[in-house]
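What follows is run22.tsv (TSV, C-alpha atoms).
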chain	number	residue	atom	x	y	z
A	3	MET	CA	25.98	12.79	55.66
A	4	PRO	CA	26.52	10.82	52.56
A	5	SER	CA	26.13	12.85	49.39
A	6	ALA	CA	23.29	12.25	46.90
A	7	PRO	CA	24.15	10.34	43.81
A	8	PRO	CA	24.57	12.46	40.76
A	9	ILE	CA	21.61	12.79	38.38
A	10	PRO	CA	22.35	11.28	35.00
A	11	GLY	CA	22.92	13.88	32.35
A	12	SER	CA	23.47	16.64	34.84
A	13	SER	CA	26.67	18.53	35.20
A	14	ALA	CA	27.43	16.65	38.32
A	15	ASP	CA	27.51	13.40	36.44
A	16	PRO	CA	31.06	12.72	35.32
A	17	ALA	CA	29.75	10.70	32.41
A	18	ALA	CA	27.72	13.60	31.17
A	19	GLY	CA	30.69	15.69	30.40
A	20	SER	CA	31.16	16.59	26.79
A	21	ALA	CA	34.27	16.04	24.87
A	22	PRO	CA	36.33	19.08	24.22
A	23	GLY	CA	35.34	20.88	20.95
A	24	ARG	CA	31.97	19.08	20.40
A	25	THR	CA	28.65	20.84	20.90
A	26	LYS	CA	25.59	18.72	21.39
A	27	ARG	CA	22.76	19.69	18.95
A	28	PRO	CA	19.18	19.34	20.00
A	29	ALA	CA	17.18	16.54	18.34
A	30	ARG	CA	15.46	17.62	15.03
A	31	ILE	CA	11.73	17.16	14.94
A	32	ARG	CA	10.50	16.00	11.50
A	33	ARG	CA	7.23	17.62	10.39
A	34	THR	CA	4.97	16.10	7.71
A	35	ARG	CA	2.40	18.25	5.71
A	36	SER	CA	-1.13	16.95	6.24
A	37	SER	CA	-3.44	16.21	3.14
A	38	GLU	CA	-6.62	16.77	5.13
A	39	PRO	CA	-7.18	20.40	3.93
A	40	GLN	CA	-6.92	19.25	0.28
A	41	LEU	CA	-9.45	16.50	0.87
A	42	ASP	CA	-11.83	18.93	2.56
A	43	ALA	CA	-11.62	21.35	-0.37
A	44	ALA	CA	-12.37	18.58	-2.90
A	45	ALA	CA	-15.33	17.37	-0.85
A	46	ARG	CA	-16.69	20.91	-0.59
A	47	HIS	CA	-16.29	21.32	-4.33
A	48	ASP	CA	-18.15	18.06	-5.01
A	49	LEU	CA	-20.86	19.01	-2.56
A	50	LYS	CA	-21.38	22.38	-4.20
A	51	ARG	CA	-21.51	20.76	-7.61
A	52	ALA	CA	-24.07	18.22	-6.35
A	53	GLU	CA	-26.16	21.02	-4.84
A	54	ARG	CA	-26.07	22.94	-8.12
A	55	ALA	CA	-27.15	19.82	-10.01
A	56	ARG	CA	-29.95	19.18	-7.52
A	57	ARG	CA	-31.19	22.76	-7.78
A	58	ALA	CA	-31.08	22.56	-11.57
A	59	TYR	CA	-33.01	19.27	-11.50
A	60	GLU	CA	-35.62	20.73	-9.13
A	61	ARG	CA	-36.02	23.80	-11.31
A	62	GLY	CA	-36.48	21.55	-14.37
A	63	GLU	CA	-39.05	19.37	-12.58
A	64	ALA	CA	-40.91	22.47	-11.38
A	65	ARG	CA	-41.02	23.85	-14.91
A	66	ARG	CA	-42.14	20.48	-16.29
A	67	PHE	CA	-44.88	20.10	-13.66
A	68	THR	CA	-46.00	23.70	-14.15
A	69	ARG	CA	-46.08	23.23	-17.91
A	70	ARG	CA	-48.19	20.05	-17.56
A	71	SER	CA	-50.61	21.71	-15.14
A	72	ARG	CA	-50.85	24.74	-17.39
A	73	ARG	CA	-51.65	22.53	-20.39
A	74	ARG	CA	-54.27	20.68	-18.36
A	75	ARG	CA	-55.90	23.94	-17.25
A	76	ILE	CA	-55.90	25.22	-20.81
A	77	THR	CA	-57.45	21.97	-22.04
A	78	TRP	CA	-60.21	22.11	-19.41
A	79	LEU	CA	-60.82	25.78	-20.12
A	80	VAL	CA	-61.11	25.21	-23.87
A	81	SER	CA	-63.42	22.20	-23.32
A	82	GLY	CA	-65.64	24.16	-20.94
A	83	LEU	CA	-65.90	27.09	-23.31
A	84	SER	CA	-66.71	24.74	-26.19
A	85	LEU	CA	-69.50	23.10	-24.19
A	86	LEU	CA	-70.91	26.47	-23.22
A	87	LEU	CA	-70.85	27.62	-26.81
A	88	VAL	CA	-72.54	24.43	-28.02
A	89	ALA	CA	-75.17	24.61	-25.27
A	90	GLY	CA	-75.83	28.23	-26.06
A	91	PHE	CA	-76.13	27.51	-29.75
A	92	VAL	CA	-78.48	24.57	-29.19
A	93	THR	CA	-80.61	26.52	-26.72
A	94	GLY	CA	-80.82	29.47	-29.04
A	95	ALA	CA	-81.70	27.25	-31.98
A	96	VAL	CA	-84.32	25.23	-30.08
A	97	TYR	CA	-86.12	28.27	-28.73
A	98	SER	CA	-85.67	30.28	-31.87
A	99	PRO	CA	-88.75	31.40	-33.82
A	100	LEU	CA	-87.22	29.53	-36.74
A	101	LEU	CA	-88.18	26.28	-34.98
A	102	SER	CA	-91.73	27.31	-34.09
A	103	LEU	CA	-94.63	24.99	-34.88
A	104	LYS	CA	-96.31	25.84	-38.16
A	105	THR	CA	-97.72	22.55	-39.48
A	106	ILE	CA	-99.79	19.83	-37.75
A	107	ARG	CA	-100.16	16.63	-39.72
A	108	VAL	CA	-102.72	13.96	-38.70
A	109	GLU	CA	-102.20	10.35	-39.77
A	110	GLY	CA	-104.36	7.26	-39.29
A	111	ALA	CA	-107.67	9.10	-39.16
A	112	SER	CA	-110.51	7.26	-40.89
A	113	ARG	CA	-113.70	7.49	-38.89
A	114	VAL	CA	-112.56	10.57	-37.02
A	115	SER	CA	-112.13	13.84	-38.88
A	116	ALA	CA	-108.50	14.85	-39.35
A	117	ALA	CA	-109.57	18.49	-39.67
A	118	SER	CA	-111.35	18.27	-36.31
A	119	VAL	CA	-108.21	16.85	-34.70
A	120	ARG	CA	-106.07	19.67	-36.10
A	121	ALA	CA	-108.59	22.27	-34.96
A	122	ALA	CA	-108.54	20.81	-31.44
A	123	VAL	CA	-104.78	21.31	-31.07
A	124	ASP	CA	-104.14	24.40	-33.21
A	125	GLY	CA	-103.51	26.41	-30.06
A	126	GLN	CA	-99.98	25.03	-30.20
A	127	ILE	CA	-99.27	26.79	-33.51
A	128	GLY	CA	-96.48	29.34	-33.10
A	129	ARG	CA	-94.87	27.67	-30.10
A	130	PRO	CA	-91.21	26.57	-30.29
A	131	LEU	CA	-91.11	22.81	-30.80
A	132	ALA	CA	-89.40	22.39	-27.44
A	133	LEU	CA	-92.31	24.15	-25.69
A	134	VAL	CA	-95.23	22.30	-27.27
A	135	ASP	CA	-97.68	21.40	-24.49
A	136	PHE	CA	-98.27	17.68	-24.97
A	137	GLY	CA	-100.42	17.53	-21.86
A	138	SER	CA	-102.84	19.97	-23.47
A	139	ILE	CA	-102.81	17.90	-26.67
A	140	THR	CA	-103.67	14.77	-24.68
A	141	ARG	CA	-106.59	16.49	-22.97
A	142	SER	CA	-107.88	17.84	-26.27
A	143	LEU	CA	-107.73	14.50	-28.09
A	144	GLY	CA	-109.27	12.70	-25.13
A	145	LYS	CA	-112.58	14.30	-26.09
A	146	PHE	CA	-112.73	12.21	-29.26
A	147	PRO	CA	-114.35	8.84	-28.43
A	148	LEU	CA	-113.13	7.34	-31.69
A	149	ILE	CA	-109.46	7.88	-30.75
A	150	ARG	CA	-108.17	4.88	-28.81
A	151	SER	CA	-104.58	6.09	-28.61
A	152	PHE	CA	-102.14	8.37	-30.40
A	153	VAL	CA	-98.45	9.17	-30.61
A	154	THR	CA	-96.79	12.44	-31.54
A	155	GLU	CA	-93.59	13.18	-33.40
A	156	THR	CA	-91.90	16.54	-33.83
A	157	VAL	CA	-90.12	17.01	-37.13
A	158	PRO	CA	-87.85	20.07	-37.21
A	159	PRO	CA	-88.02	22.75	-38.19
A	160	ASP	CA	-91.77	23.34	-37.83
A	161	THR	CA	-93.93	20.17	-38.04
A	162	LEU	CA	-95.86	18.09	-35.53
A	163	ILE	CA	-97.18	14.68	-36.60
A	164	ILE	CA	-100.09	13.06	-34.70
A	165	ARG	CA	-100.55	9.37	-35.46
A	166	ILE	CA	-103.98	8.13	-34.40
A	167	ALA	CA	-105.15	4.61	-33.57
A	168	GLU	CA	-108.94	4.61	-33.82
A	169	ARG	CA	-111.30	2.46	-31.83
A	170	ALA	CA	-112.58	-0.46	-33.84
A	171	PRO	CA	-116.36	-1.06	-33.57
A	172	ILE	CA	-117.23	-4.61	-32.57
A	173	ALA	CA	-121.00	-4.57	-32.07
A	174	THR	CA	-124.06	-2.48	-31.29
A	175	LEU	CA	-126.10	-2.23	-28.12
A	176	ALA	CA	-129.77	-1.32	-27.97
A	177	THR	CA	-130.51	1.72	-25.80
A	178	SER	CA	-133.56	3.74	-24.90
A	179	ASP	CA	-132.54	6.33	-27.49
A	180	GLY	CA	-131.66	3.93	-30.29
A	181	PHE	CA	-128.40	2.04	-30.79
A	182	SER	CA	-124.84	2.59	-29.62
A	183	VAL	CA	-121.79	1.39	-31.51
A	184	VAL	CA	-119.20	0.06	-29.04
A	185	ASP	CA	-115.63	-1.18	-29.22
A	186	PRO	CA	-114.34	-4.31	-27.42
A	187	ALA	CA	-113.88	-2.30	-24.22
A	188	GLY	CA	-117.51	-1.21	-24.26
A	189	ILE	CA	-116.62	2.40	-25.13
A	190	VAL	CA	-119.41	4.05	-27.09
A	191	ILE	CA	-118.03	5.17	-30.43
A	192	ASP	CA	-121.20	6.39	-32.05
A	193	THR	CA	-124.93	6.54	-31.50
A	194	ALA	CA	-127.77	6.36	-34.00
A	195	ALA	CA	-131.52	5.97	-34.04
A	196	GLU	CA	-131.28	2.97	-36.35
A	197	ARG	CA	-129.13	-0.12	-36.01
A	198	GLN	CA	-126.01	0.10	-38.15
A	199	PRO	CA	-125.69	-2.73	-40.68
A	200	GLY	CA	-122.67	-5.02	-40.65
A	201	LEU	CA	-122.33	-5.08	-36.88
A	202	PRO	CA	-123.84	-7.81	-34.66
A	203	LEU	CA	-126.26	-6.81	-31.95
A	204	ILE	CA	-125.35	-7.82	-28.40
A	205	GLU	CA	-128.34	-8.52	-26.18
A	206	LEU	CA	-127.47	-8.65	-22.50
A	207	GLY	CA	-130.89	-8.63	-20.85
A	208	SER	CA	-130.42	-7.05	-17.43
A	209	ALA	CA	-126.60	-7.09	-17.69
A	210	THR	CA	-124.53	-4.10	-18.82
A	211	GLU	CA	-121.50	-3.57	-21.00
A	212	LYS	CA	-119.34	-3.73	-17.86
A	213	SER	CA	-120.55	-7.18	-16.92
A	214	PRO	CA	-118.83	-10.59	-17.45
A	215	ALA	CA	-121.61	-11.41	-19.92
A	216	PHE	CA	-120.52	-8.55	-22.20
A	217	THR	CA	-116.87	-9.56	-21.87
A	218	ALA	CA	-117.72	-13.15	-22.85
A	219	ALA	CA	-119.82	-12.02	-25.84
A	220	VAL	CA	-117.02	-9.78	-27.10
A	221	GLY	CA	-114.48	-12.56	-26.60
A	222	VAL	CA	-116.54	-14.83	-28.84
A	223	LEU	CA	-116.84	-12.20	-31.56
A	224	LEU	CA	-113.09	-11.52	-31.50
A	225	ALA	CA	-112.38	-15.24	-31.91
A	226	LEU	CA	-114.51	-15.62	-35.04
A	227	PRO	CA	-112.82	-15.44	-38.46
A	228	SER	CA	-114.01	-12.57	-40.62
A	229	GLU	CA	-116.12	-14.79	-42.94
A	230	LEU	CA	-117.98	-16.30	-40.00
A	231	LEU	CA	-118.28	-12.97	-38.19
A	232	LYS	CA	-120.19	-11.55	-41.15
A	233	LYS	CA	-122.86	-14.24	-40.62
A	234	VAL	CA	-123.53	-13.32	-36.98
A	235	ASP	CA	-126.67	-11.26	-36.48
A	236	THR	CA	-127.16	-11.35	-32.71
A	237	VAL	CA	-125.16	-12.39	-29.65
A	238	THR	CA	-127.17	-13.16	-26.52
A	239	ALA	CA	-125.62	-13.56	-23.09
A	240	GLN	CA	-127.07	-13.37	-19.58
A	241	THR	CA	-123.89	-14.69	-17.90
A	242	SER	CA	-120.37	-15.49	-19.00
A	243	ASP	CA	-121.29	-19.17	-19.58
A	244	ASP	CA	-124.42	-19.00	-21.78
A	245	VAL	CA	-123.37	-17.15	-24.92
A	246	THR	CA	-125.65	-17.90	-27.87
A	247	LEU	CA	-125.23	-16.73	-31.46
A	248	THR	CA	-128.00	-16.17	-33.99
A	249	LEU	CA	-126.79	-16.20	-37.58
A	250	THR	CA	-128.20	-14.12	-40.40
A	251	GLY	CA	-129.79	-17.27	-41.85
A	252	GLY	CA	-131.76	-17.80	-38.66
A	253	GLN	CA	-129.64	-20.66	-37.23
A	254	SER	CA	-128.81	-20.56	-33.53
A	255	VAL	CA	-125.47	-21.61	-32.06
A	256	ALA	CA	-125.09	-22.61	-28.41
A	257	TRP	CA	-121.60	-21.43	-27.62
A	258	GLY	CA	-121.37	-21.65	-23.86
A	259	SER	CA	-118.46	-19.78	-22.29
A	260	ALA	CA	-115.72	-17.90	-24.12
A	261	GLU	CA	-113.22	-20.61	-23.28
A	262	GLN	CA	-111.76	-22.49	-26.26
A	263	SER	CA	-113.44	-19.96	-28.56
A	264	ALA	CA	-110.80	-20.39	-31.26
A	265	LEU	CA	-111.46	-24.15	-31.38
A	266	LYS	CA	-115.22	-23.64	-31.27
A	267	ALA	CA	-115.00	-21.24	-34.20
A	268	LYS	CA	-113.15	-23.83	-36.30
A	269	VAL	CA	-115.67	-26.52	-35.38
A	270	LEU	CA	-118.63	-24.25	-36.19
A	271	ALA	CA	-117.16	-23.32	-39.58
A	272	ALA	CA	-116.77	-27.03	-40.34
A	273	VAL	CA	-120.24	-28.18	-39.23
A	274	ILE	CA	-122.01	-25.35	-41.04
A	275	THR	CA	-120.67	-26.62	-44.34
A	276	VAL	CA	-122.21	-30.05	-43.75
A	277	GLY	CA	-125.23	-28.98	-41.73
A	278	GLY	CA	-127.55	-28.55	-44.66
A	279	THR	CA	-130.94	-27.49	-43.28
A	280	THR	CA	-129.80	-27.75	-39.67
A	281	THR	CA	-131.07	-24.80	-37.62
A	282	LYS	CA	-129.36	-25.50	-34.29
A	283	TYR	CA	-125.72	-26.03	-33.55
A	284	ASP	CA	-124.13	-26.73	-30.19
A	285	VAL	CA	-120.37	-26.24	-29.96
A	286	SER	CA	-120.21	-25.66	-26.21
A	287	ALA	CA	-118.24	-28.93	-26.10
A	288	PRO	CA	-116.14	-28.41	-29.24
A	289	THR	CA	-114.84	-31.98	-29.36
A	290	HIS	CA	-118.44	-33.27	-29.48
A	291	PRO	CA	-120.50	-30.80	-31.54
A	292	VAL	CA	-124.25	-31.37	-31.80
A	293	LEU	CA	-126.46	-30.57	-34.80
A	294	GLY	CA	-130.23	-30.53	-34.52
A	295	GLY	CA	-133.45	-29.06	-35.87
A	296	ASN	CA	-134.59	-28.87	-39.45

Will you turn the file into structure tokens for me?
Amino acid sequence: MPSAPPIPGSSADPAAGSAPGRTKRPARIRRTRSSEPQLDAAARHDLKRAERARRAYERGEARRFTRRSRRRRITWLVSGLSLLLVAGFVTGAVYSPLLSLKTIRVEGASRVSAASVRAAVDGQIGRPLALVDFGSITRSLGKFPLIRSFVTETVPPDTLIIRIAERAPIATLATSDGFSVVDPAGIVIDTAAERQPGLPLIELGSATEKSPAFTAAVGVLLALPSELLKKVDTVTAQTSDDVTLTLTGGQSVAWGSAEQSALKAKVLAAVITVGGTTTKYDVSAPTHPVLGGN
């Protein structure tokens, strides 16, 4: 059998033989120190420092937020306590006996007695101003026919002012018991057995003071100037369209309806000055007045 060829480098290889006196050294492996551990240590150091900075920042923000919230709570608490103290002071002052009603002053009373008005509401004396019963005052003053309206004003510490607007008499009405003084609304202000001077008498026939005839008669009287009103003795009206005036000198004035009463009043004042002995005037058509009768 043929022999196997020698394996290179083996002892059987003639070329692998070493020279006498020389020893073959194994190949030296060169090792290099890695820098990765140093880099990891630096990164860990930076990370720890960043974490410490973050924790310090978070602690600072928490303290700042807590301080702001604490200031806000203190502010709200102080404000609430201040409001409570003010409310308590005001309540105590308002309901204190020091602010109780002691004086009632009546203003605007002419035909109505101021003493009678005070006597009607003196039940409020001694009440704190905040507890004055204005409903009771209204009911008490409603019993006075001369009072058309009123307003009240409280003046601390102890005064109540009642300002009265009285009903103004406009005319008289004949009744079975005598005469009634009425205001423009037909409210009876006063009654007397005799007719009161200075006020015209309204004669309505079968109509009443709630009728259109009364409203028309009052409308005419309200339209007259004071100088002309003084000359009116009687106003007669059966309907709202047939108002007639009788003057104190005996002259009669056909007025018609209450429409254009202001113009009719001016025309009447003008024609009276030139009427001479005229006893009848017709201003129902104010642009064409008629004078007649002697």

Find the spatial neighbours of Ala219 (chain A), counting all atoms listed in the file, within a cut-off of 8 Å - ignore same-chain residues fewer than 3 positions away - and output them as an mmCIF file with C-alpha atoms, in the frame of the given file.
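Output saved as out_30.cif:
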data_model
loop_
_atom_site.group_PDB
_atom_site.id
_atom_site.type_symbol
_atom_site.label_atom_id
_atom_site.label_comp_id
_atom_site.auth_asym_id
_atom_site.auth_seq_id
_atom_site.Cartn_x
_atom_site.Cartn_y
_atom_site.Cartn_z
ATOM 1 C CA ILE A 204 -125.350 -7.820 -28.400
ATOM 2 C CA ALA A 215 -121.610 -11.410 -19.920
ATOM 3 C CA PHE A 216 -120.520 -8.550 -22.200
ATOM 4 C CA VAL A 222 -116.540 -14.830 -28.840
ATOM 5 C CA LEU A 223 -116.840 -12.200 -31.560
ATOM 6 C CA VAL A 237 -125.160 -12.390 -29.650
ATOM 7 C CA THR A 238 -127.170 -13.160 -26.520
ATOM 8 C CA ALA A 239 -125.620 -13.560 -23.090
ATOM 9 C CA SER A 242 -120.370 -15.490 -19.000
ATOM 10 C CA VAL A 245 -123.370 -17.150 -24.920
ATOM 11 C CA ALA A 260 -115.720 -17.900 -24.120
#

- Item | Distance query Ala218 (chain A) at most 12 Å, only C-alpha atoms, self and fewer than 5 positions along chain excluded, as JSON, numbers by chain | {"A": [186, 187, 204, 206, 209, 211, 212, 213, 223, 224, 225, 237, 238, 239, 240, 241, 242, 243, 244, 245, 246, 247, 257, 258, 259, 260, 261, 262, 263]}

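Distance-wise, CA of Gly278 (chain A) and CA of Gly221 (chain A) end up 27.4 Å apart.
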
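Nearest to Thr156 (chain A) of all the residues A:Leu175, A:Val184, A:Ala121, A:Ala132 is A:Ala132, based on only C-alpha atoms.
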
Around all of region 281-293 of chain A's listed atoms, make the axis-aligned box with 4 Å on each side and tell me centre and edge lengths in Å to one decimal, as lines of an AutoDock Vina configuration file.
center_x = -123.0
center_y = -29.0
center_z = -31.9
size_x = 24.2
size_y = 16.5
size_z = 19.5

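Atom pair CA of Ser151 (chain A) / CA of Ser102 (chain A) has a distance of 25.4 Å (rounded to one decimal).
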
- Quick one: everything within 10 Å of Pro202 (chain A), counting all atoms listed in the file, minus sequence neighbours fewer than 5 positions away in the same chain. Send it as an MDAnalysis selection string. chainID A and resid 172:175 183 197 223 231:237 247:250

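Each of A:Lys104, A:Val114, A:Ala194, A:Gly125 was checked against Asp160 (chain A) using only C-alpha atoms; the smallest atom-to-atom distance is that of A:Lys104.
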
- Item | Test item: residues at most 7 Å from Ile166 (chain A), only C-alpha atoms, excluding those fewer than 3 positions along its chain, as a list of chain:residue names | A:Glu109, A:Gly110, A:Ala111, A:Ile149, A:Ser151, A:Phe152, A:Val153

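Using all atoms listed in the file, the nearest neighbour of Thr289 (chain A) within the list A:Lys268, A:Arg56, A:Arg107, A:Arg169 is A:Lys268.
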
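Checking A:Ala55, A:Val269, A:Val190, A:Leu86 one by one against Val285 (chain A), counting all atoms listed in the file, you find the shortest gap at A:Val269.
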
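Coordinates place CA of Val119 (chain A) at a distance of 12.6 Å from CA of Thr154 (chain A).
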